[in-house]
Each structure stands twice: as structure tokens, then as C-alpha cells.
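Novice: Sending over data.txt (compact mmCIF, N, CA and C atoms).
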```
# COMPACT_ATOMS: atom_id res chain seq x y z
N MET A 24 0.74 -20.88 6.55
CA MET A 24 0.46 -19.66 5.83
C MET A 24 -1.03 -19.35 6.00
N GLN A 25 -1.33 -18.06 6.20
CA GLN A 25 -2.73 -17.68 6.35
C GLN A 25 -3.45 -17.84 5.01
N ALA A 26 -4.79 -17.94 5.07
CA ALA A 26 -5.60 -18.22 3.88
C ALA A 26 -5.53 -17.11 2.85
N THR A 27 -5.67 -15.85 3.28
CA THR A 27 -5.58 -14.71 2.37
C THR A 27 -4.90 -13.55 3.09
N ALA A 28 -4.39 -12.63 2.30
CA ALA A 28 -3.81 -11.40 2.83
C ALA A 28 -4.67 -10.24 2.33
N THR A 29 -4.92 -9.28 3.20
CA THR A 29 -5.73 -8.13 2.83
C THR A 29 -4.82 -6.95 2.49
N VAL A 30 -5.03 -6.40 1.30
CA VAL A 30 -4.26 -5.26 0.82
C VAL A 30 -5.21 -4.07 0.67
N LEU A 31 -4.96 -3.02 1.45
CA LEU A 31 -5.74 -1.79 1.34
C LEU A 31 -5.14 -0.95 0.22
N VAL A 32 -5.98 -0.49 -0.70
CA VAL A 32 -5.53 0.35 -1.81
C VAL A 32 -6.22 1.69 -1.70
N TYR A 33 -5.42 2.76 -1.50
CA TYR A 33 -5.95 4.11 -1.36
C TYR A 33 -5.59 4.95 -2.58
N SER A 34 -6.60 5.37 -3.32
CA SER A 34 -6.44 6.31 -4.42
C SER A 34 -7.80 6.90 -4.74
N ASP A 35 -7.81 8.17 -5.11
CA ASP A 35 -9.07 8.78 -5.54
C ASP A 35 -9.37 8.44 -7.00
N ASP A 36 -8.43 7.79 -7.67
CA ASP A 36 -8.57 7.43 -9.08
C ASP A 36 -8.85 5.94 -9.22
N ALA A 37 -10.04 5.62 -9.69
CA ALA A 37 -10.42 4.20 -9.86
C ALA A 37 -9.49 3.48 -10.82
N ASN A 38 -8.93 4.19 -11.79
CA ASN A 38 -7.99 3.56 -12.73
C ASN A 38 -6.71 3.13 -12.04
N ILE A 39 -6.22 3.93 -11.12
CA ILE A 39 -5.02 3.56 -10.35
C ILE A 39 -5.33 2.33 -9.49
N ARG A 40 -6.47 2.33 -8.83
CA ARG A 40 -6.84 1.16 -8.00
C ARG A 40 -6.91 -0.09 -8.87
N GLU A 41 -7.43 0.03 -10.06
CA GLU A 41 -7.52 -1.12 -10.98
C GLU A 41 -6.13 -1.56 -11.43
N GLN A 42 -5.24 -0.61 -11.72
CA GLN A 42 -3.86 -0.95 -12.09
C GLN A 42 -3.18 -1.76 -11.00
N VAL A 43 -3.40 -1.35 -9.76
CA VAL A 43 -2.80 -2.04 -8.62
C VAL A 43 -3.32 -3.48 -8.54
N LYS A 44 -4.62 -3.63 -8.66
CA LYS A 44 -5.21 -4.97 -8.58
C LYS A 44 -4.74 -5.86 -9.72
N LEU A 45 -4.65 -5.32 -10.91
CA LEU A 45 -4.18 -6.10 -12.06
C LEU A 45 -2.71 -6.46 -11.92
N ALA A 46 -1.89 -5.53 -11.42
CA ALA A 46 -0.46 -5.79 -11.27
C ALA A 46 -0.19 -6.87 -10.22
N ALA A 47 -0.97 -6.85 -9.14
CA ALA A 47 -0.78 -7.84 -8.08
C ALA A 47 -1.34 -9.19 -8.47
N GLY A 48 -2.41 -9.18 -9.22
CA GLY A 48 -3.06 -10.43 -9.56
C GLY A 48 -3.69 -11.06 -8.32
N ARG A 49 -4.01 -12.32 -8.43
CA ARG A 49 -4.58 -13.02 -7.27
C ARG A 49 -3.55 -13.34 -6.21
N ARG A 50 -2.30 -13.51 -6.67
CA ARG A 50 -1.22 -13.87 -5.75
C ARG A 50 0.08 -13.27 -6.33
N PRO A 51 0.66 -12.27 -5.68
CA PRO A 51 1.83 -11.61 -6.26
C PRO A 51 3.09 -12.47 -6.33
N ALA A 52 3.16 -13.53 -5.54
CA ALA A 52 4.28 -14.47 -5.58
C ALA A 52 3.80 -15.81 -5.04
N ALA A 53 4.49 -16.86 -5.42
CA ALA A 53 4.06 -18.22 -5.04
C ALA A 53 4.16 -18.47 -3.54
N ASP A 54 5.06 -17.75 -2.85
CA ASP A 54 5.27 -18.01 -1.42
C ASP A 54 4.47 -17.08 -0.49
N VAL A 55 3.53 -16.34 -1.04
CA VAL A 55 2.64 -15.51 -0.21
C VAL A 55 1.21 -15.94 -0.48
N PRO A 56 0.32 -15.68 0.47
CA PRO A 56 -1.07 -16.10 0.28
C PRO A 56 -1.76 -15.27 -0.81
N PRO A 57 -2.87 -15.78 -1.33
CA PRO A 57 -3.66 -14.97 -2.26
C PRO A 57 -4.09 -13.68 -1.56
N VAL A 58 -4.29 -12.64 -2.36
CA VAL A 58 -4.66 -11.35 -1.79
C VAL A 58 -6.11 -11.00 -2.10
N LYS A 59 -6.70 -10.30 -1.15
CA LYS A 59 -8.00 -9.68 -1.40
C LYS A 59 -7.78 -8.19 -1.18
N PHE A 60 -8.53 -7.38 -1.92
CA PHE A 60 -8.30 -5.95 -1.91
C PHE A 60 -9.43 -5.23 -1.20
N LEU A 61 -9.04 -4.20 -0.48
CA LEU A 61 -9.97 -3.30 0.19
C LEU A 61 -9.70 -1.93 -0.40
N GLU A 62 -10.60 -1.44 -1.23
CA GLU A 62 -10.39 -0.17 -1.93
C GLU A 62 -10.94 0.99 -1.12
N CYS A 63 -10.14 2.06 -1.03
CA CYS A 63 -10.54 3.27 -0.32
C CYS A 63 -10.21 4.48 -1.19
N ALA A 64 -11.14 5.43 -1.24
CA ALA A 64 -10.93 6.64 -2.04
C ALA A 64 -10.78 7.88 -1.17
N THR A 65 -10.98 7.74 0.14
CA THR A 65 -10.90 8.89 1.05
C THR A 65 -10.10 8.53 2.29
N LEU A 66 -9.55 9.54 2.94
CA LEU A 66 -8.81 9.32 4.19
C LEU A 66 -9.70 8.72 5.28
N PRO A 67 -10.93 9.22 5.49
CA PRO A 67 -11.77 8.59 6.52
C PRO A 67 -12.00 7.09 6.28
N ALA A 68 -12.11 6.69 5.02
CA ALA A 68 -12.29 5.27 4.71
C ALA A 68 -11.03 4.47 5.08
N VAL A 69 -9.86 5.05 4.82
CA VAL A 69 -8.60 4.39 5.18
C VAL A 69 -8.51 4.21 6.69
N LEU A 70 -8.77 5.28 7.42
CA LEU A 70 -8.67 5.22 8.88
C LEU A 70 -9.67 4.23 9.47
N ALA A 71 -10.88 4.20 8.94
CA ALA A 71 -11.89 3.25 9.42
C ALA A 71 -11.45 1.81 9.15
N ALA A 72 -10.90 1.57 7.96
CA ALA A 72 -10.44 0.22 7.62
C ALA A 72 -9.30 -0.22 8.52
N LEU A 73 -8.36 0.68 8.78
CA LEU A 73 -7.23 0.33 9.64
C LEU A 73 -7.66 0.15 11.09
N ASP A 74 -8.61 0.95 11.54
CA ASP A 74 -9.14 0.78 12.90
C ASP A 74 -9.83 -0.56 13.05
N GLY A 75 -10.43 -1.05 11.98
CA GLY A 75 -11.12 -2.34 12.01
C GLY A 75 -10.15 -3.52 12.08
N GLY A 76 -8.90 -3.28 11.70
CA GLY A 76 -7.89 -4.35 11.75
C GLY A 76 -7.96 -5.28 10.56
N GLY A 77 -6.99 -6.18 10.49
CA GLY A 77 -6.97 -7.19 9.46
C GLY A 77 -6.30 -6.79 8.16
N VAL A 78 -5.76 -5.58 8.08
CA VAL A 78 -5.06 -5.14 6.87
C VAL A 78 -3.60 -5.57 6.99
N ASP A 79 -3.09 -6.26 5.96
CA ASP A 79 -1.72 -6.75 5.98
C ASP A 79 -0.73 -5.78 5.35
N VAL A 80 -1.13 -5.09 4.29
CA VAL A 80 -0.29 -4.12 3.60
C VAL A 80 -1.18 -3.00 3.07
N CYS A 81 -0.67 -1.76 3.11
CA CYS A 81 -1.36 -0.62 2.51
C CYS A 81 -0.62 -0.18 1.26
N VAL A 82 -1.36 0.06 0.19
CA VAL A 82 -0.82 0.65 -1.02
C VAL A 82 -1.46 2.03 -1.13
N LEU A 83 -0.63 3.08 -1.06
CA LEU A 83 -1.14 4.44 -1.03
C LEU A 83 -0.64 5.21 -2.25
N ASP A 84 -1.55 5.87 -2.93
CA ASP A 84 -1.23 6.67 -4.11
C ASP A 84 -0.77 8.05 -3.65
N GLY A 85 0.49 8.36 -3.90
CA GLY A 85 1.05 9.64 -3.51
C GLY A 85 0.44 10.82 -4.25
N GLU A 86 -0.24 10.55 -5.36
CA GLU A 86 -0.81 11.62 -6.18
C GLU A 86 -2.29 11.86 -5.88
N THR A 87 -2.85 11.20 -4.88
CA THR A 87 -4.27 11.35 -4.55
C THR A 87 -4.55 12.77 -4.03
N ALA A 88 -5.70 13.30 -4.42
CA ALA A 88 -6.13 14.63 -3.94
C ALA A 88 -7.41 14.47 -3.15
N PRO A 89 -7.66 15.23 -2.15
CA PRO A 89 -6.87 16.35 -1.66
C PRO A 89 -5.77 15.94 -0.68
N ILE A 90 -5.78 14.73 -0.18
CA ILE A 90 -4.78 14.28 0.78
C ILE A 90 -3.96 13.17 0.15
N GLY A 91 -2.72 13.46 -0.17
CA GLY A 91 -1.86 12.51 -0.86
C GLY A 91 -1.43 11.35 0.01
N GLY A 92 -1.02 10.30 -0.64
CA GLY A 92 -0.60 9.09 0.05
C GLY A 92 0.58 9.27 0.98
N MET A 93 1.46 10.22 0.66
CA MET A 93 2.62 10.44 1.52
C MET A 93 2.19 11.00 2.88
N GLY A 94 1.29 11.97 2.85
CA GLY A 94 0.77 12.51 4.10
C GLY A 94 -0.04 11.49 4.87
N VAL A 95 -0.83 10.69 4.16
CA VAL A 95 -1.61 9.63 4.80
C VAL A 95 -0.67 8.62 5.45
N CYS A 96 0.40 8.27 4.75
CA CYS A 96 1.36 7.31 5.30
C CYS A 96 1.94 7.83 6.61
N ARG A 97 2.41 9.05 6.59
CA ARG A 97 3.00 9.63 7.81
C ARG A 97 1.99 9.66 8.95
N GLN A 98 0.74 10.01 8.63
CA GLN A 98 -0.29 10.07 9.65
C GLN A 98 -0.58 8.69 10.24
N ILE A 99 -0.74 7.68 9.39
CA ILE A 99 -1.08 6.36 9.93
C ILE A 99 0.09 5.75 10.69
N LYS A 100 1.32 6.07 10.28
CA LYS A 100 2.48 5.57 11.03
C LYS A 100 2.51 6.17 12.44
N ASP A 101 2.01 7.41 12.58
CA ASP A 101 1.95 8.05 13.89
C ASP A 101 0.76 7.59 14.72
N GLU A 102 -0.35 7.27 14.07
CA GLU A 102 -1.61 7.08 14.78
C GLU A 102 -2.08 5.63 14.92
N ILE A 103 -1.65 4.74 14.07
CA ILE A 103 -2.16 3.36 14.08
C ILE A 103 -1.15 2.44 14.77
N PHE A 104 -1.59 1.81 15.85
CA PHE A 104 -0.75 0.86 16.59
C PHE A 104 -0.51 -0.35 15.70
N HIS A 105 0.73 -0.77 15.57
CA HIS A 105 1.12 -1.87 14.67
C HIS A 105 0.64 -1.61 13.25
N CYS A 106 0.95 -0.43 12.76
CA CYS A 106 0.55 -0.04 11.41
C CYS A 106 1.13 -1.03 10.40
N PRO A 107 0.31 -1.47 9.45
CA PRO A 107 0.84 -2.38 8.42
C PRO A 107 1.89 -1.67 7.56
N PRO A 108 2.75 -2.44 6.90
CA PRO A 108 3.72 -1.82 6.00
C PRO A 108 3.02 -1.11 4.85
N VAL A 109 3.70 -0.09 4.31
CA VAL A 109 3.11 0.75 3.26
C VAL A 109 3.97 0.68 2.01
N LEU A 110 3.30 0.48 0.88
CA LEU A 110 3.89 0.58 -0.44
C LEU A 110 3.32 1.84 -1.06
N LEU A 111 4.19 2.80 -1.33
CA LEU A 111 3.76 4.10 -1.82
C LEU A 111 3.93 4.18 -3.34
N LEU A 112 2.91 4.66 -4.01
CA LEU A 112 2.96 4.90 -5.45
C LEU A 112 3.37 6.36 -5.65
N ILE A 113 4.52 6.57 -6.30
CA ILE A 113 5.03 7.93 -6.48
C ILE A 113 5.03 8.30 -7.96
N GLY A 114 4.94 9.60 -8.22
CA GLY A 114 4.83 10.09 -9.58
C GLY A 114 6.11 10.02 -10.38
N ARG A 115 7.25 10.11 -9.71
CA ARG A 115 8.54 10.08 -10.41
C ARG A 115 9.62 9.56 -9.47
N PRO A 116 10.65 8.94 -10.02
CA PRO A 116 11.70 8.36 -9.16
C PRO A 116 12.33 9.35 -8.20
N GLN A 117 12.40 10.63 -8.59
CA GLN A 117 13.01 11.64 -7.73
C GLN A 117 12.23 11.87 -6.44
N ASP A 118 11.00 11.38 -6.38
CA ASP A 118 10.18 11.54 -5.17
C ASP A 118 10.45 10.46 -4.12
N ALA A 119 11.42 9.60 -4.37
CA ALA A 119 11.71 8.52 -3.43
C ALA A 119 12.10 9.06 -2.05
N TRP A 120 12.76 10.22 -2.00
CA TRP A 120 13.13 10.79 -0.70
C TRP A 120 11.88 11.18 0.09
N LEU A 121 10.82 11.59 -0.60
CA LEU A 121 9.56 11.90 0.09
C LEU A 121 8.92 10.64 0.66
N ALA A 122 9.07 9.54 -0.06
CA ALA A 122 8.56 8.27 0.46
C ALA A 122 9.29 7.90 1.74
N THR A 123 10.58 8.17 1.79
CA THR A 123 11.35 7.93 3.00
C THR A 123 10.86 8.83 4.14
N TRP A 124 10.62 10.09 3.83
CA TRP A 124 10.10 11.03 4.83
C TRP A 124 8.77 10.53 5.40
N SER A 125 7.93 9.98 4.54
CA SER A 125 6.60 9.53 4.98
C SER A 125 6.66 8.23 5.77
N ARG A 126 7.83 7.60 5.81
CA ARG A 126 8.08 6.34 6.51
C ARG A 126 7.48 5.12 5.82
N ALA A 127 7.29 5.21 4.51
CA ALA A 127 6.83 4.05 3.74
C ALA A 127 7.96 3.03 3.66
N GLU A 128 7.59 1.77 3.71
CA GLU A 128 8.60 0.71 3.63
C GLU A 128 9.09 0.48 2.20
N ALA A 129 8.29 0.84 1.21
CA ALA A 129 8.67 0.65 -0.19
C ALA A 129 7.95 1.68 -1.06
N ALA A 130 8.51 1.92 -2.25
CA ALA A 130 7.88 2.85 -3.18
C ALA A 130 8.13 2.36 -4.61
N VAL A 131 7.13 2.53 -5.45
CA VAL A 131 7.24 2.25 -6.89
C VAL A 131 6.64 3.43 -7.64
N THR A 132 7.08 3.62 -8.86
CA THR A 132 6.60 4.76 -9.64
C THR A 132 5.35 4.40 -10.44
N LEU A 133 4.61 5.47 -10.72
CA LEU A 133 3.45 5.37 -11.61
C LEU A 133 3.91 5.68 -13.02
N PRO A 134 3.32 5.12 -14.05
CA PRO A 134 2.30 4.09 -13.99
C PRO A 134 2.86 2.79 -13.41
N VAL A 135 1.98 1.99 -12.88
CA VAL A 135 2.38 0.77 -12.18
C VAL A 135 3.00 -0.22 -13.16
N ASP A 136 4.25 -0.62 -12.86
CA ASP A 136 4.91 -1.69 -13.61
C ASP A 136 4.56 -3.00 -12.90
N PRO A 137 3.88 -3.93 -13.58
CA PRO A 137 3.40 -5.14 -12.90
C PRO A 137 4.49 -5.96 -12.21
N VAL A 138 5.64 -6.12 -12.82
CA VAL A 138 6.70 -6.94 -12.22
C VAL A 138 7.27 -6.24 -10.99
N GLU A 139 7.62 -4.97 -11.12
CA GLU A 139 8.17 -4.21 -10.00
C GLU A 139 7.16 -4.15 -8.84
N PHE A 140 5.91 -3.90 -9.17
CA PHE A 140 4.89 -3.78 -8.14
C PHE A 140 4.68 -5.11 -7.41
N ALA A 141 4.52 -6.19 -8.17
CA ALA A 141 4.29 -7.51 -7.55
C ALA A 141 5.46 -7.91 -6.66
N ASP A 142 6.69 -7.62 -7.10
CA ASP A 142 7.87 -7.94 -6.28
C ASP A 142 7.87 -7.15 -4.97
N ALA A 143 7.56 -5.85 -5.06
CA ALA A 143 7.55 -5.00 -3.86
C ALA A 143 6.44 -5.43 -2.91
N LEU A 144 5.25 -5.71 -3.44
CA LEU A 144 4.13 -6.14 -2.61
C LEU A 144 4.43 -7.47 -1.94
N ALA A 145 4.98 -8.41 -2.69
CA ALA A 145 5.30 -9.73 -2.13
C ALA A 145 6.33 -9.61 -1.01
N ALA A 146 7.33 -8.74 -1.18
CA ALA A 146 8.35 -8.55 -0.14
C ALA A 146 7.72 -8.01 1.14
N LEU A 147 6.80 -7.05 1.02
CA LEU A 147 6.13 -6.52 2.20
C LEU A 147 5.23 -7.56 2.86
N LEU A 148 4.55 -8.35 2.05
CA LEU A 148 3.71 -9.42 2.62
C LEU A 148 4.56 -10.44 3.36
N ARG A 149 5.68 -10.83 2.78
CA ARG A 149 6.58 -11.80 3.44
C ARG A 149 7.02 -11.26 4.80
N ALA A 150 7.45 -10.00 4.82
CA ALA A 150 7.92 -9.39 6.06
C ALA A 150 6.80 -9.32 7.10
N ARG A 151 5.63 -8.92 6.67
CA ARG A 151 4.48 -8.79 7.59
C ARG A 151 4.08 -10.15 8.14
N LEU A 152 4.02 -11.15 7.28
CA LEU A 152 3.60 -12.48 7.73
C LEU A 152 4.65 -13.14 8.60
N ALA A 153 5.93 -12.83 8.37
CA ALA A 153 6.99 -13.38 9.22
C ALA A 153 6.91 -12.79 10.62
N VAL A 154 6.56 -11.52 10.74
CA VAL A 154 6.43 -10.87 12.04
C VAL A 154 5.25 -11.46 12.80
N GLU A 155 4.15 -11.74 12.09
CA GLU A 155 2.96 -12.28 12.75
C GLU A 155 3.11 -13.74 13.14
N ALA A 156 4.03 -14.44 12.54
CA ALA A 156 4.20 -15.89 12.81
C ALA A 156 4.83 -16.16 14.15
```
Turn this file's structure into C-alpha cells for me.

Specialist:
Amino acid sequence: MQATATVLVYSDDANIREQVKLAAGRRPAADVPPVKFLECATLPAVLAALDGGGVDVCVLDGETAPIGGMGVCRQIKDEIFHCPPVLLLIGRPQDAWLATWSRAEAAVTLPVDPVEFADALAALLRARLAVEA
């Protein structure tokens, strides 16, 4: 198992980024490595971080302005070679079809439920680390 996993968190709202970090904790599940967070508040910061490599999972806030996480997800899936899996934060359960359109691997609703979020993040980390192994 690798030493740590890097989770990119994109939201223009510092409170949402903090909710994500608190919900994941240091390690979202016993069978995944501890996580470190890379916080981004703008699309250029997300693209620069992904171009630099080393991101294992992206958590994108679908409610971010001016460019929402769903649009960012679709863009990075088109533009980033071996794009990491994406966990999309959506405003309401009915928006799950939009998460599918954006090609996100998973979606959870806001406000962040710690158990649901940690389970979804851990599943994406397991899948990502299994592919890299």
C-alpha cells in the first residue's frame, strides 16, 4: 500500500472544503492509505494540480461558482490523460443524473454526510489503487 493518497478538493466555499476534510478524516477506511488534501478554489488551480500529477481522487463541488464541479468533471475527463476518479458533491439527490452526465464515478449530496462520504471516497481510493498496482 502506498504511504499516502492525495485527494484534490475543489470548491469556492472554504466551509465545504472543511466539511470534506472532516468527513474523510485522516483515513476514510482501514484498508486505504491515509489521505492528504490538496485544496483548490478555482478551475486553473485544479488543472495545474492535475497536470502536476499525483492526485488519486478528485472531490468536486457541483455548486461551485462560476464553474461548477459537474462542468469541471466533464472537462477533466476529456482533457486529462488517466484522469483520477471523481466524487461529485451535488445539491440534491435528483441531480444524480447530472453527475452521470459529467462522468463522475460517484456522487454524494450536500451537506456532507460523514459516513456516506467516507464510504464513497474509500471505494474510489480502493479502485484507483488497485488499478495502479

Novice: Which residues, written as an NGL selection string, have at least one atom at most 6 Å from A:Arg97, with all atoms listed in the file counted and residues fewer than 5 positions away on the same chain left out?

Specialist: :A and (92 or 125-126)

Novice: Compare A:Gln117, A:Gln98, A:Ser34, A:Thr27 by their minimum atom-to-atom distance to A:Leu83, counting all atoms listed in the file, and give me the closest one.

Specialist: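 Ranking A:Gln117, A:Gln98, A:Ser34, A:Thr27 by distance to A:Leu83, first place goes to A:Ser34.
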
Novice: Just list as JSON, numbers by chain whatever in chain A DSSP marks as helix (DSSP H, G or I).

Specialist: {"A": [37, 38, 39, 40, 41, 42, 43, 44, 45, 46, 47, 66, 67, 68, 69, 70, 71, 72, 73, 74, 75, 92, 93, 94, 95, 96, 97, 98, 99, 100, 101, 102, 116, 117, 118, 119, 120, 121, 122, 123, 124, 137, 138, 139, 140, 141, 142, 143, 144, 145, 146, 147, 148, 149, 150, 151, 152, 153, 154, 155]}

Novice: Just the number, please: distance in Å from atom CA of A:Leu70 to atom CA of A:Ala129, one decimal.

Specialist: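 One can read the atom CA of A:Leu70 to atom CA of A:Ala129 distance as 20.1 Å.
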
Novice: For atom CA of A:Thr132 and atom CA of A:Asp35, determine how far apart the two atoms are, in Å to one decimal place.

Specialist: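 Computing the Euclidean distance for atom CA of A:Thr132 and atom CA of A:Asp35 yields 16.7 Å.
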
Novice: Measuring between only C-alpha atoms, which one of A:Val135, A:Val30, A:Glu62, A:Ala71 shows the shortest distance to A:Arg50?

Specialist: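 Of the candidates, the smallest distance to A:Arg50 is held by A:Val30.
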
Novice: Residues at most 8 Å from A:Val58, counting all atoms listed in the file, excluding those fewer than 5 positions away in the same chain, as a list in words?

Specialist: Ala26, Thr27, Ala28, Thr29, Val30, Ala47, Gly48, Arg49, Arg50 and Pro51 of chain A

Novice: For A:Leu148, which of A:Glu102, A:Asp74, A:Asp54, A:Glu86 is the closest residue, counting only C-alpha atoms?

Specialist: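 Residue with the minimum atom-to-atom distance to A:Leu148: A:Asp54.
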
Novice: Between atom N of A:Pro89 and atom N of A:Ala64, what is the distance, to one decimal in Å?

Specialist: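 Interatomic distance here is 10.4 Å.
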
Novice: Draw an axis-aligned box over all listed atoms of stretch 46-49 of chain A, pad each side with 5 Å, and write its centre and edge lengths in Å, one decimal, as JSON.

Specialist:
```
{"center_x": -2.4, "center_y": -9.4, "center_z": -8.8, "size_x": 14.4, "size_y": 17.8, "size_z": 15.2}
```

Novice: Would you mind listing what lies within 9 Å of A:Leu66 as an MDAnalysis selection string, with only C-alpha atoms counted and same-chain residues fewer than 5 positions away left out?

Specialist: chainID A and resid 33 71 90 95

Novice: When DSSP is applied to the backbone of this structure, which of chain A are assigned strand (DSSP E or B)? Write them out as a PyMOL selection string.

Specialist: chain A and resi 28-33+58-63+80-84+109-113+129-132

Novice: Using all atoms listed in the file, which of A:Ala53, A:Leu31, A:Val109, A:Leu121 sits nearest A:Val69?

Specialist: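 When distances to A:Val69 are compared using all atoms listed in the file, the smallest one comes from A:Leu31.
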
Novice: Please determine, counting only C-alpha atoms, which residue among A:Ala146, A:Ala37, A:Leu61, A:Ala141 has the shortest atom-to-atom distance to A:Val78.

Specialist: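 When distances to A:Val78 are compared using only C-alpha atoms, the smallest one comes from A:Leu61.
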